[in-house]
file work.cif (mmCIF, C-alpha atoms)
data_start
loop_
_atom_site.label_atom_id
_atom_site.label_comp_id
_atom_site.auth_asym_id
_atom_site.auth_seq_id
_atom_site.Cartn_x
_atom_site.Cartn_y
_atom_site.Cartn_z
CA MET P 10 151.23 29.00 115.40
CA ASP P 11 147.59 29.20 116.49
CA ILE P 12 146.57 31.93 118.92
CA GLN P 13 142.97 32.11 117.79
CA HIS P 14 140.56 33.04 120.60
CA ASN P 15 143.42 34.04 122.89
CA ASN P 16 141.72 35.92 125.73
CA GLU P 17 144.80 38.08 126.33
CA PHE P 18 145.27 39.34 122.74
CA TYR P 19 143.62 42.63 121.72
CA ALA P 20 143.70 44.89 118.69
CA VAL P 21 143.67 48.68 119.07
CA ILE P 22 142.75 50.41 115.82
CA MET P 23 143.57 54.11 115.55
CA ALA P 24 140.87 55.62 113.33
CA GLY P 25 140.67 59.29 114.21
CA GLY P 26 142.67 60.90 111.41
CA GLY P 27 141.31 63.85 109.47
CA GLY P 28 142.46 62.42 106.16
CA THR P 29 143.47 65.28 103.88
CA ARG P 30 146.40 63.65 102.07
CA LEU P 31 144.05 62.24 99.42
CA TRP P 32 142.17 65.52 99.02
CA PRO P 33 139.66 66.22 97.57
CA TRP P 34 138.26 62.66 97.76
CA SER P 35 139.32 62.31 101.37
CA ARG P 36 137.93 65.03 103.64
CA LYS P 37 137.31 65.57 107.34
CA GLU P 38 133.77 64.27 106.93
CA LYS P 39 134.95 61.24 104.98
CA PRO P 40 138.62 60.53 105.73
CA LYS P 41 140.77 57.88 104.09
CA GLN P 42 139.65 55.04 106.35
CA MET P 43 136.10 55.45 105.06
CA LEU P 44 137.00 55.37 101.37
CA LYS P 45 136.59 52.38 99.07
CA ILE P 46 139.99 52.61 97.45
CA SER P 47 140.19 48.94 96.51
CA GLY P 48 136.98 47.01 95.83
CA GLU P 49 133.65 47.34 97.58
CA LYS P 50 134.88 47.68 101.15
CA THR P 51 136.24 50.70 102.99
CA MET P 52 139.78 50.78 104.37
CA PHE P 53 138.32 50.40 107.87
CA GLU P 54 136.35 47.29 106.89
CA LEU P 55 139.44 45.77 105.28
CA THR P 56 141.38 46.44 108.50
CA LEU P 57 138.79 44.46 110.46
CA ASP P 58 138.75 41.66 107.87
CA ARG P 59 142.51 41.17 108.30
CA LEU P 60 141.96 40.32 111.97
CA GLU P 61 139.45 37.53 111.37
CA GLY P 62 140.61 34.28 112.90
CA ILE P 63 143.28 36.01 114.99
CA ILE P 64 141.54 38.66 117.11
CA ASP P 65 137.76 38.70 117.34
CA ALA P 66 135.48 41.75 117.46
CA GLU P 67 135.04 41.51 121.25
CA HIS P 68 138.80 42.02 121.58
CA THR P 69 138.99 44.91 119.07
CA LEU P 70 139.06 48.51 120.32
CA VAL P 71 138.62 51.47 118.00
CA VAL P 72 139.93 54.89 119.07
CA THR P 73 138.32 57.68 117.08
CA THR P 74 136.49 61.02 117.26
CA SER P 75 132.82 61.41 118.14
CA GLU P 76 132.09 62.63 114.59
CA GLN P 77 133.60 59.53 113.02
CA ALA P 78 132.46 57.00 115.61
CA GLU P 79 128.85 56.81 114.43
CA LYS P 80 129.93 56.27 110.82
CA LEU P 81 132.45 53.61 111.79
CA LYS P 82 129.89 51.78 113.93
CA LYS P 83 127.68 51.40 110.87
CA LEU P 84 130.56 49.70 109.06
CA SER P 85 130.87 47.00 111.72
CA ASP P 86 127.95 45.88 113.86
CA LYS P 87 130.11 43.17 115.47
CA ILE P 88 132.29 45.50 117.56
CA PRO P 89 130.60 46.24 120.91
CA GLU P 90 129.60 49.82 121.66
CA LYS P 91 131.92 49.90 124.68
CA ASN P 92 134.91 49.12 122.42
CA PHE P 93 134.69 52.50 120.67
CA LEU P 94 136.87 54.92 122.64
CA ILE P 95 136.23 58.58 121.88
CA GLU P 96 139.12 61.04 121.71
CA PRO P 97 137.57 64.49 122.42
CA ILE P 98 140.40 66.35 120.65
CA PRO P 99 143.64 65.11 119.01
CA ARG P 100 146.44 64.60 121.52
CA GLY P 101 148.88 62.41 119.58
CA THR P 102 149.35 58.68 119.22
CA ALA P 103 151.04 58.23 122.62
CA SER P 104 147.89 59.52 124.32
CA VAL P 105 145.62 57.37 122.16
CA ILE P 106 147.64 54.25 122.93
CA GLY P 107 147.76 55.14 126.62
CA LEU P 108 143.98 55.58 126.69
CA ALA P 109 143.45 52.17 125.11
CA ALA P 110 145.96 50.65 127.53
CA ILE P 111 144.16 51.81 130.67
CA HIS P 112 140.90 50.46 129.28
CA LEU P 113 142.51 47.10 128.58
CA GLU P 114 144.03 46.98 132.05
CA THR P 115 140.53 46.93 133.51
CA ARG P 116 139.80 43.82 131.42
CA SER P 117 143.04 41.88 131.70
CA LYS P 118 146.28 42.63 133.56
CA ASN P 119 148.15 40.32 131.15
CA SER P 120 146.79 41.75 127.90
CA VAL P 121 148.92 42.12 124.77
CA MET P 122 147.86 44.84 122.34
CA ALA P 123 148.44 45.05 118.60
CA VAL P 124 148.36 48.75 117.66
CA LEU P 125 147.11 49.16 114.09
CA THR P 126 145.76 51.95 111.89
CA ALA P 127 142.56 51.96 109.89
CA ASP P 128 144.03 53.38 106.69
CA HIS P 129 146.86 51.04 105.66
CA PHE P 130 146.79 48.95 102.50
CA ILE P 131 148.06 45.36 102.95
CA GLN P 132 148.05 42.85 100.12
CA ASN P 133 149.46 39.72 101.82
CA VAL P 134 146.86 39.09 104.53
CA PRO P 135 147.95 35.53 105.52
CA TYR P 136 151.49 36.82 106.07
CA PHE P 137 150.15 39.75 108.09
CA GLN P 138 148.29 37.34 110.35
CA GLN P 139 151.46 35.29 110.81
CA LEU P 140 153.30 38.46 111.81
CA LEU P 141 150.65 39.21 114.43
CA CYS P 142 151.23 35.75 115.90
CA PHE P 143 155.02 36.18 115.85
CA GLY P 144 154.70 39.68 117.30
CA TYR P 145 152.52 38.36 120.10
CA LYS P 146 155.19 35.83 121.04
CA ALA P 147 157.89 38.52 121.00
CA ALA P 148 155.73 40.85 123.10
CA GLU P 149 155.25 38.10 125.68
CA GLU P 150 159.01 38.38 126.32
CA ASP P 151 158.52 42.04 127.39
CA ASN P 152 159.70 43.43 124.04
CA LEU P 153 158.20 46.50 122.40
CA VAL P 154 157.68 45.22 118.86
CA THR P 155 157.44 47.32 115.71
CA LEU P 156 156.80 46.00 112.21
CA GLY P 157 159.45 47.17 109.75
CA ILE P 158 158.78 47.56 106.02
CA LYS P 159 161.49 47.11 103.39
CA PRO P 160 162.00 50.50 101.71
CA THR P 161 161.07 50.51 98.03
CA PHE P 162 162.73 53.88 97.41
CA PRO P 163 164.64 56.51 99.48
CA SER P 164 161.58 58.31 100.83
CA THR P 165 162.07 61.51 102.84
CA GLY P 166 158.53 61.31 104.19
CA MET P 167 158.89 58.05 106.11
CA GLY P 168 160.39 57.20 109.48
CA TYR P 169 163.31 54.72 109.43
CA ILE P 170 164.37 51.98 111.86
CA GLU P 171 168.02 50.94 112.06
CA GLN P 172 168.30 47.20 112.66
CA GLY P 173 170.88 45.85 115.09
CA GLU P 174 171.78 42.32 116.15
CA LYS P 175 169.55 39.38 115.40
CA ILE P 176 167.65 38.05 118.42
CA PRO P 177 167.11 34.29 118.95
CA THR P 178 163.40 33.43 118.83
CA ASN P 179 161.12 30.48 119.45
CA PHE P 180 159.28 31.11 116.19
CA PRO P 181 160.41 30.82 112.54
CA HIS P 182 160.96 34.48 111.72
CA ASP P 183 163.81 36.98 112.07
CA LEU P 184 163.73 39.48 114.93
CA PHE P 185 166.27 42.29 115.41
CA GLN P 186 167.23 44.76 118.08
CA VAL P 187 166.45 48.39 117.21
CA ILE P 188 169.45 50.72 117.31
CA ARG P 189 167.60 53.95 116.59
CA PHE P 190 164.64 55.61 114.92
CA THR P 191 165.08 58.45 112.41
CA GLU P 192 162.05 60.49 111.41
CA LYS P 193 161.78 61.92 107.87
CA PRO P 194 165.47 62.25 106.91
CA ASP P 195 166.81 64.52 104.18
CA GLN P 196 167.39 63.06 100.72
CA LYS P 197 171.09 62.31 101.19
CA THR P 198 170.43 60.47 104.46
CA ALA P 199 167.50 58.54 102.97
CA ASP P 200 169.72 57.45 100.06
CA HIS P 201 172.31 56.15 102.52
CA PHE P 202 169.69 54.30 104.59
CA VAL P 203 168.31 52.43 101.59
CA GLU P 204 171.76 51.63 100.15
CA SER P 205 173.01 50.21 103.47
CA GLY P 206 170.26 47.59 103.70
CA ASN P 207 170.18 47.93 107.51
CA TYR P 208 167.10 50.13 107.68
CA ALA P 209 163.37 49.49 107.50
CA TRP P 210 160.47 51.90 107.21
CA ASN P 211 158.52 52.39 110.42
CA SER P 212 155.05 51.03 109.61
CA GLY P 213 153.39 52.55 112.67
CA MET P 214 152.16 49.10 113.71
CA PHE P 215 153.23 47.84 117.13
CA LEU P 216 152.74 44.95 119.56
CA TRP P 217 153.43 44.98 123.31
CA LYS P 218 152.10 44.07 126.70
CA THR P 219 149.73 46.70 128.01
CA SER P 220 151.73 46.83 131.25
CA ARG P 221 155.00 47.40 129.32
CA VAL P 222 153.81 50.38 127.30
CA LEU P 223 152.30 51.97 130.42
CA GLU P 224 155.61 51.43 132.20
CA GLU P 225 157.45 53.27 129.41
CA ILE P 226 154.89 56.09 129.45
CA SER P 227 155.45 56.49 133.19
CA LEU P 228 159.23 56.73 132.63
CA HIS P 229 159.35 59.01 129.60
CA ILE P 230 156.04 60.95 129.64
CA PRO P 231 155.23 61.18 133.35
CA ASP P 232 152.68 63.98 132.92
CA LEU P 233 150.70 61.86 130.45
CA TYR P 234 150.93 58.88 132.81
CA ALA P 235 149.57 60.94 135.69
CA LYS P 236 146.63 62.17 133.64
CA LEU P 237 145.89 58.67 132.36
CA GLY P 238 145.84 57.66 136.02
CA GLN P 239 143.20 60.31 136.74
CA ILE P 240 141.12 59.06 133.82
CA LYS P 241 141.46 55.44 134.94
CA GLN P 242 140.39 56.37 138.46
CA SER P 243 137.33 58.13 137.03
CA MET P 244 136.35 54.89 135.27
CA GLU P 245 136.08 53.23 138.65
CA SER P 246 134.11 56.10 140.20
CA GLY P 247 131.63 56.54 137.35
CA MET P 248 132.99 59.96 136.36
CA TYR P 249 134.73 58.91 133.14
CA GLU P 250 132.92 61.30 130.77
CA ASN P 251 133.66 64.27 133.02
CA ALA P 252 137.33 63.31 133.31
CA MET P 253 137.70 63.02 129.55
CA LYS P 254 136.22 66.49 129.12
CA GLU P 255 138.35 68.07 131.84
CA VAL P 256 141.63 66.10 131.82
CA TRP P 257 142.09 65.06 128.19
CA PRO P 258 142.42 68.63 126.76
CA THR P 259 145.24 69.34 129.23
CA ILE P 260 147.42 66.54 127.81
CA GLN P 261 150.45 67.73 125.82
CA PRO P 262 150.28 66.17 122.32
CA VAL P 263 153.09 63.71 121.56
CA THR P 264 153.55 60.81 119.16
CA ILE P 265 154.43 57.31 120.32
CA ASP P 266 157.62 57.43 118.21
CA TYR P 267 159.04 60.63 119.78
CA GLY P 268 157.59 60.05 123.22
CA ILE P 269 158.40 56.36 123.75
CA MET P 270 160.01 54.36 120.95
CA GLU P 271 163.12 56.53 120.57
CA LYS P 272 163.88 56.22 124.31
CA ALA P 273 162.52 52.87 125.49
CA LYS P 274 164.43 49.68 126.27
CA GLN P 275 163.87 46.28 124.66
CA VAL P 276 162.60 47.73 121.38
CA VAL P 277 162.72 45.18 118.55
CA VAL P 278 161.77 45.15 114.89
CA LEU P 279 159.95 42.33 113.16
CA PRO P 280 160.75 42.62 109.42
CA ALA P 281 157.57 42.60 107.33
CA PHE P 282 159.23 42.61 103.95
CA SER P 283 156.62 40.55 102.04
CA LEU P 284 153.58 42.36 103.37
CA GLY P 285 152.63 44.34 100.26
CA TRP P 286 152.15 47.36 102.55
CA SER P 287 151.42 51.00 101.81
CA ASP P 288 150.07 53.80 103.97
CA ILE P 289 148.75 55.42 100.75
CA GLY P 290 150.17 58.75 101.84
CA SER P 291 149.54 60.52 98.54
CA TRP P 292 147.85 60.02 95.20
CA ASP P 293 151.02 58.82 93.49
CA SER P 294 151.43 56.02 96.06
CA ILE P 295 148.23 54.42 94.75
CA TYR P 296 150.16 53.43 91.62
CA ASP P 297 152.09 50.98 93.81
CA VAL P 298 149.05 49.11 95.11
CA LEU P 299 146.21 49.14 92.55
CA PRO P 300 146.12 47.26 89.23
CA GLN P 301 146.79 49.22 86.04
CA ASP P 302 145.68 48.67 82.45
CA SER P 303 148.15 47.94 79.66
CA ASN P 304 148.98 51.66 79.43
CA GLY P 305 149.49 52.13 83.18
CA ASN P 306 146.14 53.83 83.77
CA ILE P 307 144.10 53.41 86.99
CA THR P 308 140.38 54.02 87.45
CA ILE P 309 138.80 54.30 90.91
CA ASN P 310 135.07 54.34 91.71
CA CYS P 311 133.81 55.54 88.30
CA SER P 312 133.74 54.81 84.57
CA SER P 313 136.58 56.00 82.36
CA HIS P 314 137.76 56.09 78.79
CA TYR P 315 141.37 56.70 77.77
CA ILE P 316 142.49 57.95 74.35
CA ASP P 317 146.22 58.20 73.68
CA THR P 318 146.77 58.35 77.46
CA GLU P 319 149.38 56.69 79.67
CA GLY P 320 149.92 56.58 83.43
CA ALA P 321 146.71 58.43 84.32
CA LEU P 322 144.80 58.01 87.56
CA ILE P 323 141.11 58.88 87.41
CA CYS P 324 138.90 58.93 90.50
CA SER P 325 135.40 60.15 91.29
CA GLU P 326 133.20 59.90 94.37
CA ASN P 327 130.27 59.34 92.01
CA PRO P 328 130.36 55.77 90.63
CA LYS P 329 127.97 56.79 87.83
CA LYS P 330 130.38 59.42 86.52
CA LEU P 331 132.25 58.97 83.22
CA ILE P 332 135.62 60.73 82.96
CA VAL P 333 137.53 60.79 79.66
CA ALA P 334 141.25 61.52 79.36
CA VAL P 335 142.66 62.41 75.93
CA GLY P 336 146.34 62.81 75.14
CA MET P 337 147.41 62.78 78.79
CA LYS P 338 150.49 61.29 80.44
CA ASP P 339 151.20 60.69 84.15
CA VAL P 340 148.33 62.86 85.34
CA VAL P 341 145.97 62.54 88.32
CA ILE P 342 142.33 63.60 87.91
CA VAL P 343 140.05 63.54 90.96
CA GLU P 344 136.45 64.73 90.72
CA THR P 345 134.10 65.28 93.67
CA ASP P 346 130.97 67.30 94.37
CA HIS P 347 132.93 70.07 96.07
CA ALA P 348 136.25 70.22 94.20
CA VAL P 349 138.30 68.91 91.26
CA LEU P 350 142.03 68.14 91.34
CA VAL P 351 144.12 67.91 88.15
CA CYS P 352 147.88 67.62 88.50
CA PRO P 353 150.93 65.74 87.19
CA LYS P 354 151.66 62.52 89.05
CA GLU P 355 155.03 63.91 90.16
CA LYS P 356 153.34 66.89 91.85
CA THR P 357 150.79 65.04 94.01
CA GLN P 358 152.68 65.90 97.20
CA THR P 359 151.55 69.48 96.52
CA VAL P 360 148.17 68.48 97.94
CA ARG P 361 149.60 69.39 101.35
CA GLU P 362 150.14 72.94 100.12
CA ILE P 363 146.57 73.06 98.80
CA VAL P 364 145.22 71.99 102.18
CA SER P 365 147.37 74.62 103.92
CA TYR P 366 146.09 77.27 101.50
CA LEU P 367 142.46 76.35 102.17
CA LYS P 368 143.02 76.52 105.93
CA ALA P 369 144.88 79.83 105.76
CA ASN P 370 142.15 81.42 103.64
CA HIS P 371 139.25 80.16 105.76
CA LEU P 372 138.00 77.82 103.06
CA GLU P 373 137.45 74.90 105.46
CA ASN P 374 134.19 73.99 103.71
CA TYR P 375 136.40 72.45 100.99
CA LEU P 376 138.34 70.32 103.50
#
call {"tool": "encode", "arguments": {"input": "work.cif", "output": "structure tokens"}}
result
Amino acid sequence: MDIQHNNEFYAVIMAGGGGTRLWPWSRKEKPKQMLKISGEKTMFELTLDRLEGIIDAEHTLVVTTSEQAEKLKKLSDKIPEKNFLIEPIPRGTASVIGLAAIHLETRSKNSVMAVLTADHFIQNVPYFQQLLCFGYKAAEEDNLVTLGIKPTFPSTGMGYIEQGEKIPTNFPHDLFQVIRFTEKPDQKTADHFVESGNYAWNSGMFLWKTSRVLEEISLHIPDLYAKLGQIKQSMESGMYENAMKEVWPTIQPVTIDYGIMEKAKQVVVLPAFSLGWSDIGSWDSIYDVLPQDSNGNITINCSSHYIDTEGALICSENPKKLIVAVGMKDVVIVETDHAVLVCPKEKTQTVREIVSYLKANHLENYL
């Protein structure tokens, strides 16, 4: 299925996150999408690479903050300046997607948008590109398409999609109706979801017609739709910057999942079970995606030496640094110029508590 150079197909990359889940390596000034977690390219650059041959740079929009925009522009000189959309302050993914949608409407009334994030790890790139093609075809039929990931364990931190009846397609891949979304269930519920085999993780990647998602916003988030209308009108009158300053802050923050996907009609899931996907939501999740030595140790962005050590993860923001671990087991060691993290692998979710502590005690210079 070849949709290369399709003038109606666009990618919208959400790249405005603050990135504290991989603290202290990931900070507000250098969030996850700007880190070189695997190889010599940043997560943002790898996101762009995955689109090559499917969606070109002219058809790629990046929604981010003004602080991050200049850094991201340096990572890709192919994306036009006009394709960087600046979000003055965070207002949730529904607002971000709506903003991109009104921009695309001025370019093409028949546009289909693939909503992606800049900080996902995907190993099977050819399969991912196939899924984009299949998702495009499904979106052409007025479906709201989400990519579903096969759960590898009963996570309580992920959103789940319950699959319904199989839908006939004109392409060689399964497609299912969505019965419901469940966000971050308790452990007992997560265990049931995984055991049943009828649930997928919500990847946060979507495909739909621009007109369809705007229609759903108008139905379920009418206030957002009205304010997007004001912003769109300002684009035509040359007052866009003023409207973004005045109107955008008045938008009530809401995610696309809560605001639209849980209520919309014709929501379908495209299983992406062989994608090799991870959102790298914590340090321990890196063990699932990066190669390990014979003792299960992982080294990122530095030199290391292990003595009587198993299951260690060592990371430094200084590639010239040497870190030595002696007699350690299942420990994460992260060294940066401003902070050092040492903790058992099983306690890496505690990073959220560390970030909360730093905020509460006015230690934002460490974030």
call {"tool": "residues_around", "arguments": {"input": "work.cif", "residues": "Arg36 of chain P", "least_positions_apart": "2", "cutoff": "12 Å", "atoms": "all atoms listed in the file", "output": "PyMOL selection string"}}
result
chain P and resi 26-34+38-44+77+326+345-348+364+373-376
call {"tool": "resolve_selection", "arguments": {"input": "work.cif", "expression": "the PyMOL selection byres ((chain P and resi 357) around 12)", "output": "PyMOL selection string"}}
result
chain P and resi 30-33+289-296+322+339-343+350-356+358-363
call {"tool": "residues_around", "arguments": {"input": "work.cif", "residues": "segment 87-91 of chain P", "least_positions_apart": "5", "cutoff": "9 Å", "atoms": "all atoms listed in the file", "output": "list in words"}}
result
Asp65, Ala66, Glu67, His68, Thr69, Leu70, Val71 and Lys82 of chain P
call {"tool": "resolve_selection", "arguments": {"input": "work.cif", "expression": "the PyMOL selection byres ((chain P and resi 149) around 12)", "output": "PDB file with C-alpha atoms, in the coordinates of the input"}}
result
ATOM      1  CA  GLU P  17     144.800  38.080 126.330  1.00  0.00           C
ATOM      2  CA  PHE P  18     145.270  39.340 122.740  1.00  0.00           C
ATOM      3  CA  ASN P 119     148.150  40.320 131.150  1.00  0.00           C
ATOM      4  CA  SER P 120     146.790  41.750 127.900  1.00  0.00           C
ATOM      5  CA  VAL P 121     148.920  42.120 124.770  1.00  0.00           C
ATOM      6  CA  MET P 122     147.860  44.840 122.340  1.00  0.00           C
ATOM      7  CA  CYS P 142     151.230  35.750 115.900  1.00  0.00           C
ATOM      8  CA  PHE P 143     155.020  36.180 115.850  1.00  0.00           C
ATOM      9  CA  GLY P 144     154.700  39.680 117.300  1.00  0.00           C
ATOM     10  CA  TYR P 145     152.520  38.360 120.100  1.00  0.00           C
ATOM     11  CA  LYS P 146     155.190  35.830 121.040  1.00  0.00           C
ATOM     12  CA  ALA P 147     157.890  38.520 121.000  1.00  0.00           C
ATOM     13  CA  ALA P 148     155.730  40.850 123.100  1.00  0.00           C
ATOM     14  CA  GLU P 150     159.010  38.380 126.320  1.00  0.00           C
ATOM     15  CA  ASP P 151     158.520  42.040 127.390  1.00  0.00           C
ATOM     16  CA  ASN P 152     159.700  43.430 124.040  1.00  0.00           C
ATOM     17  CA  LEU P 153     158.200  46.500 122.400  1.00  0.00           C
ATOM     18  CA  VAL P 154     157.680  45.220 118.860  1.00  0.00           C
ATOM     19  CA  THR P 178     163.400  33.430 118.830  1.00  0.00           C
ATOM     20  CA  ASN P 179     161.120  30.480 119.450  1.00  0.00           C
ATOM     21  CA  LEU P 216     152.740  44.950 119.560  1.00  0.00           C
ATOM     22  CA  TRP P 217     153.430  44.980 123.310  1.00  0.00           C
ATOM     23  CA  LYS P 218     152.100  44.070 126.700  1.00  0.00           C
ATOM     24  CA  THR P 219     149.730  46.700 128.010  1.00  0.00           C
ATOM     25  CA  SER P 220     151.730  46.830 131.250  1.00  0.00           C
ATOM     26  CA  ARG P 221     155.000  47.400 129.320  1.00  0.00           C
ATOM     27  CA  GLN P 275     163.870  46.280 124.660  1.00  0.00           C
TER      28      GLN P 275
END
call {"tool": "closest_residue", "arguments": {"input": "work.cif", "among": "P:Pro135, P:Gly157, P:Gly320, P:Gly238", "to": "Trp257 of chain P", "atoms": "all atoms listed in the file"}}
result
P:Gly238
call {"tool": "residues_around", "arguments": {"input": "work.cif", "residues": "Val187 of chain P", "least_positions_apart": "2", "cutoff": "9 Å", "atoms": "all atoms listed in the file", "output": "VMD selection string"}}
result
chain P and resid 170 to 174 185 189 to 190 275 to 278
call {"tool": "closest_residue", "arguments": {"input": "work.cif", "among": "P:Ile63, P:Ala281, P:Leu141, P:Val256", "to": "Leu233 of chain P", "atoms": "only C-alpha atoms"}}
result
P:Val256
call {"tool": "atom_distance", "arguments": {"input": "work.cif", "atom1": "atom CA of Glu61 of chain P", "atom2": "atom CA of Asp288 of chain P"}}
result
20.8 Å
call {"tool": "residues_around", "arguments": {"input": "work.cif", "residues": "segment 196-203 of chain P", "least_positions_apart": "3", "cutoff": "6 Å", "atoms": "all atoms listed in the file", "output": "mmCIF file with C-alpha atoms, keeping the file's coordinate frame"}}
result
data_model
loop_
_atom_site.group_PDB
_atom_site.id
_atom_site.type_symbol
_atom_site.label_atom_id
_atom_site.label_comp_id
_atom_site.auth_asym_id
_atom_site.auth_seq_id
_atom_site.Cartn_x
_atom_site.Cartn_y
_atom_site.Cartn_z
ATOM 1 C CA PRO P 163 164.640 56.510 99.480
ATOM 2 C CA THR P 165 162.070 61.510 102.840
ATOM 3 C CA GLY P 206 170.260 47.590 103.700
ATOM 4 C CA TYR P 208 167.100 50.130 107.680
#
call {"tool": "atom_distance", "arguments": {"input": "work.cif", "atom1": "atom CA of Val298 of chain P", "atom2": "atom CA of Lys193 of chain P"}}
result
22.1 Å
call {"tool": "atom_distance", "arguments": {"input": "work.cif", "atom1": "atom CA of Glu76 of chain P", "atom2": "atom CA of Leu94 of chain P"}}
result
12.1 Å
call {"tool": "closest_residue", "arguments": {"input": "work.cif", "among": "P:Lys159, P:His182, P:Lys241, P:Lys50", "to": "Gly107 of chain P", "atoms": "all atoms listed in the file"}}
result
P:Lys241
call {"tool": "closest_residue", "arguments": {"input": "work.cif", "among": "P:Asp128, P:Asp195, P:Glu344, P:Glu255", "to": "Thr56 of chain P", "atoms": "only C-alpha atoms"}}
result
P:Asp128
call {"tool": "closest_residue", "arguments": {"input": "work.cif", "among": "P:Met337, P:Met214, P:Ala235, P:Leu331", "to": "Ile22 of chain P", "atoms": "all atoms listed in the file"}}
result
P:Met214
call {"tool": "decode", "arguments": {"input": "work.cif", "residues": "segment 237-250 of chain P", "atoms": "N, CA and C atoms", "output": "compact mmCIF listing (two decimals), in the first residue's frame"}}
result
# COMPACT_ATOMS: atom_id res chain seq x y z
N LEU P 237 -11.20 27.82 19.44
CA LEU P 237 -10.42 27.48 18.25
C LEU P 237 -10.94 28.26 17.05
N GLY P 238 -12.26 28.47 17.02
CA GLY P 238 -12.86 29.26 15.95
C GLY P 238 -12.36 30.70 15.96
N GLN P 239 -12.22 31.27 17.16
CA GLN P 239 -11.69 32.63 17.28
C GLN P 239 -10.24 32.69 16.78
N ILE P 240 -9.47 31.65 17.15
CA ILE P 240 -8.07 31.63 16.73
C ILE P 240 -7.97 31.47 15.21
N LYS P 241 -8.82 30.60 14.65
CA LYS P 241 -8.80 30.41 13.20
C LYS P 241 -9.18 31.69 12.47
N GLN P 242 -10.16 32.41 13.00
CA GLN P 242 -10.57 33.67 12.38
C GLN P 242 -9.43 34.70 12.43
N SER P 243 -8.66 34.66 13.51
CA SER P 243 -7.53 35.59 13.64
C SER P 243 -6.44 35.28 12.62
N MET P 244 -6.33 34.01 12.21
CA MET P 244 -5.35 33.65 11.19
C MET P 244 -5.67 34.35 9.88
N GLU P 245 -6.94 34.50 9.60
CA GLU P 245 -7.38 35.12 8.36
C GLU P 245 -7.28 36.64 8.41
N SER P 246 -7.33 37.20 9.62
CA SER P 246 -7.29 38.66 9.76
C SER P 246 -5.91 39.20 10.11
N GLY P 247 -4.92 38.29 10.24
CA GLY P 247 -3.57 38.73 10.56
C GLY P 247 -3.34 39.04 12.02
N MET P 248 -4.23 38.57 12.89
CA MET P 248 -4.13 38.84 14.33
C MET P 248 -3.86 37.56 15.12
N TYR P 249 -3.22 36.60 14.50
CA TYR P 249 -3.03 35.27 15.11
C TYR P 249 -2.25 35.35 16.42
N GLU P 250 -1.13 36.06 16.42
CA GLU P 250 -0.29 36.11 17.62
C GLU P 250 -1.06 36.71 18.79
